[in-house]
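K.L.:
For reference, this is run18.txt, and it has compact mmCIF, C-alpha atoms.
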# COMPACT_ATOMS: atom_id res chain seq x y z
CA MET A 29 129.06 209.26 25.15
CA ASN A 30 128.20 212.67 26.58
CA LEU A 31 128.32 214.05 23.07
CA PHE A 32 124.98 212.38 22.48
CA ARG A 33 123.29 214.21 25.33
CA SER A 34 122.95 217.74 24.01
CA ARG A 35 121.52 220.62 25.95
CA VAL A 36 118.85 222.94 24.65
CA SER A 37 120.40 226.26 23.71
CA SER A 38 119.89 229.21 26.00
CA SER A 39 117.95 231.09 23.32
CA ILE A 40 115.42 228.28 22.93
CA VAL A 41 115.04 227.91 26.68
CA SER A 42 114.35 231.64 26.87
CA THR A 43 111.67 231.34 24.17
CA MET A 44 110.00 228.40 25.88
CA ALA A 45 110.16 230.10 29.24
CA GLU A 46 108.09 232.94 27.82
CA GLU A 47 105.47 230.46 26.59
CA LEU A 48 105.24 228.44 29.77
CA GLY A 49 105.75 231.18 32.30
CA SER A 50 102.39 232.86 32.86
CA SER A 51 99.15 231.89 31.17
CA ALA A 52 97.60 235.09 32.52
CA SER A 53 99.74 237.44 30.41
CA THR A 54 101.05 236.52 26.97
CA ALA A 55 102.74 239.89 26.66
CA THR A 56 105.24 239.26 29.47
CA SER A 57 108.81 239.56 28.28
CA SER A 58 111.04 236.49 28.05
CA SER A 59 113.54 237.97 30.49
CA ARG A 60 110.88 238.42 33.17
CA ALA A 61 109.51 234.93 32.53
CA LYS A 62 112.96 233.49 32.93
CA THR A 63 113.49 235.45 36.13
CA ARG A 64 110.26 234.02 37.55
CA SER A 65 111.38 230.51 36.68
CA PHE A 66 114.25 230.90 39.12
CA TRP A 67 112.05 231.89 42.03
CA PRO A 68 112.09 229.31 44.82
CA SER A 69 109.16 226.90 44.34
CA ILE A 70 107.78 227.76 47.76
CA LEU A 71 107.16 231.35 46.63
CA ARG A 72 105.04 230.32 43.62
CA TRP A 73 101.49 228.93 43.75
CA ILE A 74 102.26 226.46 40.94
CA PRO A 75 105.78 225.18 41.67
CA THR A 76 106.89 224.57 38.09
CA SER A 77 108.59 226.34 35.19
CA THR A 78 110.25 225.61 31.86
CA ASP A 79 113.46 224.83 33.70
CA HIS A 80 111.61 222.32 35.88
CA VAL A 81 110.10 220.54 32.85
CA ILE A 82 113.48 220.23 31.11
CA ALA A 83 115.25 219.14 34.31
CA ALA A 84 112.56 216.54 35.13
CA GLU A 85 112.87 215.05 31.64
CA LYS A 86 116.65 214.84 32.00
CA ARG A 87 116.35 213.09 35.38
CA LEU A 88 113.85 210.55 34.04
CA LEU A 89 115.93 209.80 30.96
CA SER A 90 118.95 209.22 33.20
CA LEU A 91 117.41 205.75 33.69
CA VAL A 92 118.02 205.05 29.99
CA LYS A 93 121.43 203.60 29.10
CA THR A 94 121.32 204.23 25.35
CA PRO A 95 122.99 207.53 24.33
CA TYR A 96 120.56 210.11 22.99
CA VAL A 97 120.29 213.61 21.58
CA VAL A 98 117.67 216.14 22.70
CA GLU A 99 116.74 218.90 20.26
CA GLN A 100 114.06 221.51 19.84
CA VAL A 101 112.98 221.15 16.21
CA ASN A 102 111.83 224.47 14.74
CA ILE A 103 108.50 224.10 12.89
CA GLY A 104 108.21 227.79 12.08
CA SER A 105 105.55 230.29 13.06
CA GLY A 106 102.88 229.34 10.56
CA PRO A 107 101.94 227.08 7.66
CA PRO A 108 104.12 227.81 4.59
CA GLY A 109 102.54 230.36 2.25
CA SER A 110 99.78 231.23 4.71
CA LYS A 111 99.10 234.52 6.48
CA THR A 112 97.71 232.56 9.40
CA ARG A 113 100.13 232.05 12.26
CA TRP A 114 100.43 228.62 13.78
CA PHE A 115 96.98 227.50 14.76
CA ARG A 116 95.52 230.98 15.22
CA SER A 117 97.98 231.73 17.97
CA LYS A 118 98.33 235.39 18.95
CA SER A 119 102.10 235.19 18.67
CA ASP A 120 104.33 235.19 15.58
CA GLU A 121 107.16 233.40 17.38
CA PRO A 122 108.49 230.16 15.89
CA ARG A 123 107.31 226.93 17.52
CA PHE A 124 109.42 223.96 18.55
CA ILE A 125 108.82 220.23 18.93
CA ASN A 126 110.82 218.60 21.74
CA THR A 127 112.55 215.63 20.12
CA VAL A 128 114.68 212.84 21.58
CA THR A 129 116.68 210.63 19.19
CA PHE A 130 118.46 207.51 20.42
CA GLN A 131 121.70 206.12 19.03
CA SER A 132 121.28 203.09 16.79
CA ARG A 133 122.85 201.23 13.89
CA GLU A 134 122.73 203.21 10.66
CA ASP A 135 120.74 200.53 8.84
CA SER A 136 118.01 200.35 11.52
CA PRO A 137 114.44 201.20 10.50
CA THR A 138 113.14 204.45 12.00
CA LEU A 139 110.42 204.20 14.65
CA VAL A 140 108.73 207.47 15.67
CA MET A 141 106.88 207.29 19.01
CA VAL A 142 103.98 209.62 19.87
CA HIS A 143 102.59 209.88 23.42
CA GLY A 144 98.95 210.09 24.54
CA TYR A 145 96.78 212.68 26.27
CA GLY A 146 98.19 213.99 29.54
CA ALA A 147 101.53 212.31 28.81
CA SER A 148 104.84 213.14 27.11
CA GLN A 149 107.60 211.19 25.39
CA GLY A 150 109.25 210.31 28.71
CA PHE A 151 106.45 207.85 29.44
CA PHE A 152 108.27 205.44 27.10
CA PHE A 153 111.36 205.45 29.33
CA ARG A 154 111.06 201.69 29.98
CA ASN A 155 111.14 200.94 26.26
CA PHE A 156 113.91 203.04 24.78
CA ASP A 157 116.84 200.73 25.53
CA ALA A 158 115.20 197.54 24.22
CA LEU A 159 113.73 199.11 21.09
CA ALA A 160 116.86 201.13 20.28
CA SER A 161 118.70 197.83 19.77
CA ARG A 162 116.51 197.18 16.69
CA PHE A 163 115.27 200.62 15.60
CA LYS A 164 116.35 204.22 15.27
CA ILE A 165 114.02 205.57 17.97
CA ILE A 166 112.72 209.13 17.75
CA ALA A 167 110.27 210.19 20.48
CA ILE A 168 108.50 213.54 20.44
CA ASP A 169 106.34 215.75 22.63
CA GLN A 170 103.34 216.83 20.57
CA LEU A 171 102.79 220.55 20.13
CA GLY A 172 101.41 221.95 23.38
CA TRP A 173 102.74 219.13 25.55
CA GLY A 174 105.82 218.29 27.59
CA GLY A 175 108.89 220.25 26.57
CA SER A 176 107.46 221.41 23.23
CA SER A 177 106.16 224.92 22.59
CA ARG A 178 102.80 225.71 24.16
CA PRO A 179 101.02 228.27 21.96
CA ASP A 180 97.67 229.69 23.01
CA PHE A 181 95.06 227.11 22.03
CA THR A 182 92.34 228.91 20.10
CA CYS A 183 90.89 226.10 17.98
CA LYS A 184 87.08 226.11 17.92
CA SER A 185 86.21 222.93 16.04
CA THR A 186 87.18 219.29 15.61
CA GLU A 187 88.68 220.07 12.19
CA GLU A 188 90.87 222.89 13.51
CA THR A 189 91.97 220.81 16.47
CA GLU A 190 92.97 217.83 14.35
CA ALA A 191 94.92 220.20 12.11
CA TRP A 192 96.77 221.55 15.17
CA PHE A 193 98.37 218.15 15.73
CA ILE A 194 98.51 216.75 12.18
CA ASP A 195 100.00 219.84 10.54
CA SER A 196 102.52 220.48 13.32
CA PHE A 197 103.67 216.85 13.05
CA GLU A 198 104.01 217.22 9.27
CA GLU A 199 106.13 220.37 9.65
CA TRP A 200 108.25 218.48 12.18
CA ARG A 201 108.67 215.60 9.70
CA LYS A 202 109.77 218.05 7.00
CA ALA A 203 112.26 219.69 9.35
CA LYS A 204 113.71 216.26 10.22
CA ASN A 205 113.64 215.18 6.54
CA LEU A 206 112.00 211.88 7.43
CA SER A 207 110.23 209.46 5.12
CA ASN A 208 109.41 205.78 4.98
CA PHE A 209 109.25 205.42 8.77
CA ILE A 210 107.22 203.38 11.25
CA LEU A 211 104.80 205.49 13.28
CA LEU A 212 103.69 204.36 16.74
CA GLY A 213 101.08 206.26 18.73
CA HIS A 214 99.59 205.54 22.16
CA SER A 215 96.02 206.41 23.18
CA PHE A 216 95.29 209.95 21.93
CA GLY A 217 98.67 209.78 20.18
CA GLY A 218 97.30 206.74 18.34
CA TYR A 219 94.34 208.81 17.18
CA VAL A 220 96.69 211.55 15.92
CA ALA A 221 99.01 209.00 14.27
CA ALA A 222 96.09 207.39 12.45
CA LYS A 223 94.69 210.73 11.29
CA TYR A 224 98.16 211.74 10.09
CA ALA A 225 98.58 208.46 8.19
CA LEU A 226 95.21 209.03 6.51
CA LYS A 227 96.35 212.45 5.29
CA HIS A 228 100.00 211.62 4.54
CA PRO A 229 100.19 207.86 3.88
CA GLU A 230 103.13 208.25 1.50
CA HIS A 231 105.54 208.83 4.41
CA ILE A 232 104.51 205.87 6.60
CA GLN A 233 105.83 202.33 6.24
CA LYS A 234 103.85 200.87 9.08
CA LEU A 235 101.34 202.15 11.63
CA ILE A 236 101.29 200.80 15.20
CA LEU A 237 98.38 201.94 17.35
CA VAL A 238 98.77 201.15 21.05
CA GLY A 239 95.46 201.27 22.93
CA PRO A 240 94.29 203.98 20.50
CA ALA A 241 91.56 206.36 21.57
CA GLY A 242 88.79 207.38 19.23
CA VAL A 243 88.39 204.19 17.22
CA SER A 244 84.67 203.74 17.91
CA SER A 245 81.81 206.17 18.13
CA GLU A 246 79.51 206.38 21.12
CA SER A 247 76.70 204.68 19.19
CA ASP A 248 79.00 201.83 18.14
CA SER A 249 80.04 201.11 21.72
CA LYS A 250 76.65 200.17 23.14
CA SER A 251 76.95 203.00 25.66
CA GLU A 252 73.43 202.87 27.10
CA TRP A 253 74.99 203.23 30.54
CA LEU A 254 76.49 206.59 29.52
CA THR A 255 73.13 207.84 28.28
CA ARG A 256 71.53 206.88 31.59
CA PHE A 257 74.41 208.47 33.52
CA ARG A 258 74.00 211.77 31.67
CA GLU A 259 70.39 211.86 32.81
CA THR A 260 71.46 211.94 36.46
CA TRP A 261 72.46 215.19 38.17
CA ARG A 262 76.02 213.92 38.57
CA GLY A 263 76.19 213.08 34.89
CA ALA A 264 74.77 216.47 33.95
CA VAL A 265 77.40 218.25 36.06
CA LEU A 266 80.24 216.14 34.65
CA ASN A 267 79.03 216.63 31.09
CA HIS A 268 78.85 220.40 31.67
CA LEU A 269 82.43 220.42 32.96
CA TRP A 270 83.55 218.38 29.96
CA GLU A 271 81.87 220.69 27.46
CA SER A 272 83.35 223.67 29.34
CA ASN A 273 86.81 222.15 28.67
CA PHE A 274 87.55 221.63 32.35
CA THR A 275 90.64 219.42 32.11
CA PRO A 276 92.35 217.25 34.77
CA GLN A 277 95.37 219.54 34.47
CA LYS A 278 93.31 222.46 35.77
CA VAL A 279 92.75 220.52 38.99
CA ILE A 280 96.51 220.02 39.37
CA ARG A 281 97.16 223.73 38.85
CA GLY A 282 94.31 224.75 41.12
CA LEU A 283 95.81 222.77 43.97
CA GLY A 284 98.99 224.83 43.73
CA PRO A 285 101.69 223.49 46.05
CA TRP A 286 99.48 220.48 46.87
CA GLY A 287 99.41 219.41 43.22
CA PRO A 288 102.62 217.34 43.35
CA ASP A 289 101.21 215.23 46.18
CA LEU A 290 98.07 214.41 44.19
CA VAL A 291 100.20 213.31 41.22
CA ARG A 292 102.38 211.23 43.54
CA ARG A 293 99.30 209.48 44.94
CA TYR A 294 98.11 208.67 41.42
CA THR A 295 101.40 207.34 40.05
CA THR A 296 102.20 205.25 43.14
CA ALA A 297 98.70 203.73 42.99
CA ARG A 298 98.43 203.21 39.21
CA PHE A 299 101.94 201.85 38.74
CA GLY A 300 102.26 200.38 42.23
CA ALA A 301 99.46 198.98 44.38
CA TYR A 302 96.96 198.83 41.49
CA SER A 303 99.39 197.96 38.72
CA THR A 304 98.21 195.33 36.26
CA GLY A 305 101.79 194.28 35.53
CA GLU A 306 105.32 195.08 36.66
CA VAL A 307 105.41 197.52 39.57
CA LEU A 308 107.65 200.56 39.10
CA ALA A 309 110.76 200.52 41.26
CA GLY A 310 111.10 203.26 43.88
CA GLU A 311 113.43 205.48 41.85
CA GLU A 312 111.43 204.93 38.66
CA CYS A 313 108.21 205.93 40.38
CA LYS A 314 109.81 208.97 42.01
CA LEU A 315 111.27 210.29 38.76
CA LEU A 316 108.13 209.57 36.73
CA THR A 317 105.99 211.35 39.34
CA ASP A 318 108.22 214.42 39.21
CA TYR A 319 108.15 214.41 35.40
CA VAL A 320 104.38 213.95 35.19
CA TYR A 321 103.68 216.80 37.60
CA HIS A 322 105.80 219.37 35.78
CA THR A 323 104.46 218.45 32.33
CA LEU A 324 100.84 218.62 33.58
CA ALA A 325 101.15 221.82 35.60
CA ALA A 326 102.83 223.86 32.86
CA LYS A 327 100.87 226.31 30.73
CA ALA A 328 97.60 224.95 29.29
CA SER A 329 97.87 224.38 25.54
CA GLY A 330 97.45 221.02 23.79
CA GLU A 331 95.33 219.67 26.65
CA LEU A 332 92.47 221.95 25.56
CA CYS A 333 91.86 219.70 22.56
CA LEU A 334 89.81 217.37 24.75
CA LYS A 335 86.24 218.52 24.17
CA TYR A 336 86.76 219.07 20.45
CA ILE A 337 88.09 215.56 19.77
CA PHE A 338 86.03 213.54 22.27
CA SER A 339 82.64 213.63 23.92
CA LEU A 340 82.16 212.57 27.55
CA GLY A 341 83.37 208.99 27.92
CA ALA A 342 86.28 209.54 25.49
CA PHE A 343 84.19 208.72 22.42
CA ALA A 344 85.54 210.38 19.28
CA ARG A 345 83.43 212.97 17.53
CA LYS A 346 85.02 211.74 14.27
CA PRO A 347 85.83 208.08 15.05
CA LEU A 348 88.58 206.29 13.15
CA VAL A 349 86.26 203.45 12.16
CA GLN A 350 84.47 205.85 9.80
CA SER A 351 87.73 206.29 7.86
CA ALA A 352 88.66 202.59 7.80
CA PRO A 353 87.77 202.06 4.11
CA GLY A 354 90.29 204.78 3.17
CA TRP A 355 93.16 203.28 5.20
CA LYS A 356 96.33 203.00 3.06
CA VAL A 357 98.99 201.93 5.59
CA PRO A 358 99.48 198.40 7.01
CA THR A 359 98.45 198.58 10.68
CA THR A 360 98.93 196.71 13.93
CA PHE A 361 96.80 197.41 16.98
CA ILE A 362 98.26 196.54 20.41
CA TYR A 363 96.10 196.35 23.56
CA GLY A 364 96.75 195.26 27.11
CA PHE A 365 94.43 192.53 28.38
CA GLN A 366 93.13 194.99 30.99
CA ASP A 367 93.09 198.00 28.67
CA TRP A 368 90.02 200.18 29.14
CA MET A 369 90.15 200.90 25.41
CA ASN A 370 88.07 198.18 23.77
CA TYR A 371 89.83 196.15 21.07
CA GLU A 372 86.45 195.32 19.50
CA GLY A 373 86.52 198.74 17.84
CA ALA A 374 89.74 197.71 16.06
CA GLN A 375 88.06 194.48 14.95
CA GLN A 376 85.21 196.49 13.49
CA ALA A 377 87.62 198.81 11.68
CA ARG A 378 89.64 195.88 10.32
CA GLN A 379 86.56 194.49 8.60
CA GLN A 380 86.40 197.64 6.49
CA MET A 381 90.12 198.04 5.77
CA ASN A 382 91.74 197.18 2.47
CA VAL A 383 95.26 196.88 3.92
CA PRO A 384 96.89 194.25 6.16
CA CYS A 385 95.76 194.66 9.77
CA GLU A 386 96.42 192.61 12.89
CA ILE A 387 95.37 193.02 16.51
CA ILE A 388 97.65 191.87 19.34
CA ARG A 389 96.72 191.61 23.01
CA VAL A 390 99.41 191.73 25.70
CA PRO A 391 98.94 189.92 29.05
CA LYS A 392 99.40 191.49 32.48
CA ALA A 393 98.94 194.97 31.08
CA GLY A 394 96.42 197.78 31.12
CA HIS A 395 96.22 200.97 29.09
CA PHE A 396 99.90 201.78 29.74
CA VAL A 397 100.93 198.43 28.30
CA PHE A 398 104.50 199.63 27.63
CA ILE A 399 104.98 200.40 31.34
CA ASP A 400 102.97 197.48 32.77
CA ASN A 401 104.63 194.74 30.72
CA PRO A 402 107.53 196.21 28.75
CA THR A 403 109.07 192.88 27.76
CA ALA A 404 105.87 191.60 26.15
CA PHE A 405 105.26 195.01 24.59
CA HIS A 406 108.69 194.95 22.96
CA SER A 407 107.92 191.48 21.59
CA ALA A 408 104.64 192.78 20.16
CA VAL A 409 106.36 195.72 18.45
CA LEU A 410 109.08 193.47 17.00
CA TYR A 411 106.44 191.06 15.73
CA ALA A 412 104.49 193.91 14.14
CA CYS A 413 107.66 195.15 12.39
CA ARG A 414 109.15 191.75 11.58
CA MET A 415 109.26 192.29 7.81
CA TYR A 416 110.95 195.69 8.20
CA ILE A 417 113.63 194.48 10.61
CA SER A 418 114.57 191.48 8.47
CA PRO A 419 112.81 189.71 5.60
CA ASN A 420 113.59 186.44 7.34
CA LEU A 421 111.33 187.45 10.23
CA GLU A 422 108.24 187.94 8.09
CA THR A 423 106.86 184.49 8.93
CA GLU A 424 108.07 184.40 12.54
CA HIS A 425 105.60 182.87 14.98
CA LEU A 426 103.80 185.06 17.48
CA PRO A 427 105.87 185.28 20.68
CA GLU A 428 104.61 183.26 23.61
CA GLY A 429 102.05 185.03 25.80
CA LEU A 430 100.79 187.37 23.09
CA THR A 431 97.37 186.78 21.53
CA LEU A 432 96.15 187.57 18.02
CA VAL A 433 92.45 188.40 17.81
For the structure just supplied, provide its representation as structure tokens.
P.N.:
Amino acid sequence: MNLFRSRVSSSIVSTMAEELGSSASTATSSSRAKTRSFWPSILRWIPTSTDHVIAAEKRLLSLVKTPYVVEQVNIGSGPPGSKTRWFRSKSDEPRFINTVTFQSREDSPTLVMVHGYGASQGFFFRNFDALASRFKIIAIDQLGWGGSSRPDFTCKSTEETEAWFIDSFEEWRKAKNLSNFILLGHSFGGYVAAKYALKHPEHIQKLILVGPAGVSSESDSKSEWLTRFRETWRGAVLNHLWESNFTPQKVIRGLGPWGPDLVRRYTTARFGAYSTGEVLAGEECKLLTDYVYHTLAAKASGELCLKYIFSLGAFARKPLVQSAPGWKVPTTFIYGFQDWMNYEGAQQARQQMNVPCEIIRVPKAGHFVFIDNPTAFHSAVLYACRMYISPNLETEHLPEGLTLV
């Protein structure tokens, strides 16, 4: 079984160490970056490194029983045939997408899972075993997140920022030689998955959007409260921070050695005392906290997309509902009953779609529906993919507890 748990080669680790080591100096050599990564945490203001990110992922995935392979998929240093390096980065080094593939039956349909903002593929740790029994699961860290490469983020518009994620995903797909697969995206990952499917529908069998961000525009969401809030001094300050691209991750880094404690307080509250579903067990919470901290505190990259994709309140600057008439891929939306993403936006989009679309709500679950109620989430995914798993399941009744809206 250990053959399925491959280690990242030393050359790739060295490359990633250079990217994640010091955001203050992009010219630092890989050998010096790697040396710094071995400093004791107590001697560094931000106690993380490339080695910490990779080790934290490995510890979290130790909870998964299904054998898996970890690989760094090379997506090159720039778009093919273009003189522009990847996403206007200052470096010509090749970029890598951290990819985890789980063992499955050869005839299983492929399900690619894309994480949301401030997350990484390890957030799906409660789902891999159950879903791998029916699918070939491939989970990725988007460019600039988790264990993937973190190029300097120099995008200056919504269009450039969308291209950062869409084009890097397409180069990853080419490198993996994938086609005719099911694409699942959560939150911001749902936004990216939908935008990718709009541009490259020929590769996608089915689209599953889990609590997707960016479906509705601010005007569609009856956000009078937000307008009033912006008029207050607190709202003005918060809006200024947002437009200045002040991200939550900057707070974590600014706290230095106190950052891990803040992350621990959040995860134990969100998935413990204030959980809307199943509470994380002690070891689960400990390993997830460790993983979340190291992925958030590493070099700023993909996180800087925030202000270009969304305005204050997480309303998309180019909402998905505007593209609904051009949708070409059958789609299922999945929301937790307590999800702060409003499913009414999906209902509005469905009215304009010309492809099959269904909306499923999962009980005892919030925005992280796959952590809050994994069993019901698995049932929702299987129901959404019933015709791809087996033709006999196409007319299967909706599992008990789930609601179609």
K.L.:
So, with all atoms listed in the file as the atoms that count, which of A:Lys86, A:His268, A:Arg201, A:Lys234 lies closest to Cys385 (chain A)?
P.N.:
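Checking each of A:Lys86, A:His268, A:Arg201, A:Lys234 against Cys385 (chain A), counting all atoms listed in the file, the winner is A:Lys234.
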K.L.:
Please work out which residues fall within 12 Å of (101.8, 217.2, 29.6), coordinates as given in the file, with all atoms listed in the file counting, and return them as a PyMOL selection string.
P.N.:
chain A and resi 48+81+85+143-151+168-178+275-278+280+318-332
K.L.:
I'd like the interatomic distance between CA of Gln366 (chain A) and CA of Tyr302 (chain A), to a tenth of an Å.
P.N.:
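So the two atoms, CA of Gln366 (chain A) and CA of Tyr302 (chain A), lie 11.8 Å apart.
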K.L.:
Could you name the residues that touch Phe361 (chain A) at 8 Å or less, counting only C-alpha atoms, but leaving out those on the same chain fewer than 5 positions away, as a list in words?
P.N.:
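The contact residues come out as Ile236, Leu237, Val238, Gly239, Pro240, Ala374, Cys385, Glu386, Ile387 and Ile388 of chain A.
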K.L.:
Find the residue from A:Gln350, A:Leu254, A:Ser407, A:Ile166 that sits nearest to Asn267 (chain A); use all atoms listed in the file when measuring.
P.N.:
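Of A:Gln350, A:Leu254, A:Ser407, A:Ile166, the one nearest Asn267 (chain A) is A:Leu254, counting all atoms listed in the file.
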K.L.:
I'd like to know which of A:Phe181, A:Tyr411, A:Phe163, A:Tyr96 is closest to Pro427 (chain A), using all atoms listed in the file.
P.N.:
A:Tyr411
K.L.:
Excluding Glu312 (chain A) and its own-chain neighbours fewer than 4 positions away, which residues fall within 8 Å of it when counting all atoms listed in the file? Please give them as a PDB file with C-alpha atoms, in the frame of the given file.
P.N.:
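selection18.pdb was written with the following content:
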ATOM      1  CA  LEU A  88     113.850 210.550  34.040  1.00  0.00           C
ATOM      2  CA  LEU A  91     117.410 205.750  33.690  1.00  0.00           C
ATOM      3  CA  LEU A 308     107.650 200.560  39.100  1.00  0.00           C
ATOM      4  CA  LEU A 316     108.130 209.570  36.730  1.00  0.00           C
TER       5      LEU A 316
END
K.L.:
What gap, in Å, lies between CA of Lys202 (chain A) and CA of Val142 (chain A)?
P.N.:
16.4 Å
K.L.:
Dig up all the protein and nucleic acid residues within 12 Å of (109.3, 206.9, 43.9) in the file frame, using all atoms listed in the file, and format them as a list in words.
P.N.:
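Protein, DNA and RNA residues close to (109.3, 206.9, 43.9): Leu88, Asp289, Val291, Arg292, Arg293, Tyr294, Thr295, Thr296, Ala297, Phe299, Gly300, Val307, Leu308, Ala309, Gly310, Glu311, Glu312, Cys313, Lys314, Leu315, Leu316, Thr317, Asp318 and Tyr319 of chain A.
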K.L.:
Could you work out how far CA of Ile82 (chain A) lies from CA of Asn126 (chain A), giving the answer in Å with one decimal?
P.N.:
9.9 Å
K.L.:
Give me, as a ChimeraX atom specification, all polymer residues having an atom no more than 10 Å from Thr129 (chain A), counting only C-alpha atoms and skipping those fewer than 3 positions away in the same chain.
P.N.:
/A:32-33,95-99,132,140,156,160,164-168
K.L.:
I need the residue nearest Val383 (chain A) from this list: A:Asn102, A:Thr186, A:Thr359, A:Ser303. Use only C-alpha atoms for the distance.
P.N.:
A:Thr359
K.L.:
Restricting the calculation to only C-alpha atoms, which member of A:His425, A:Arg298, A:Arg154, A:Lys93 is positioned closest to Gln131 (chain A)?
P.N.:
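The answer is A:Lys93, which sits nearest to Gln131 (chain A).
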K.L.:
So, counting all atoms listed in the file, which residue among A:Glu428, A:Glu230, A:Glu271, A:Asp400 is closest to Val357 (chain A)?
P.N.:
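Of the candidates, the smallest distance to Val357 (chain A) is held by A:Glu230.
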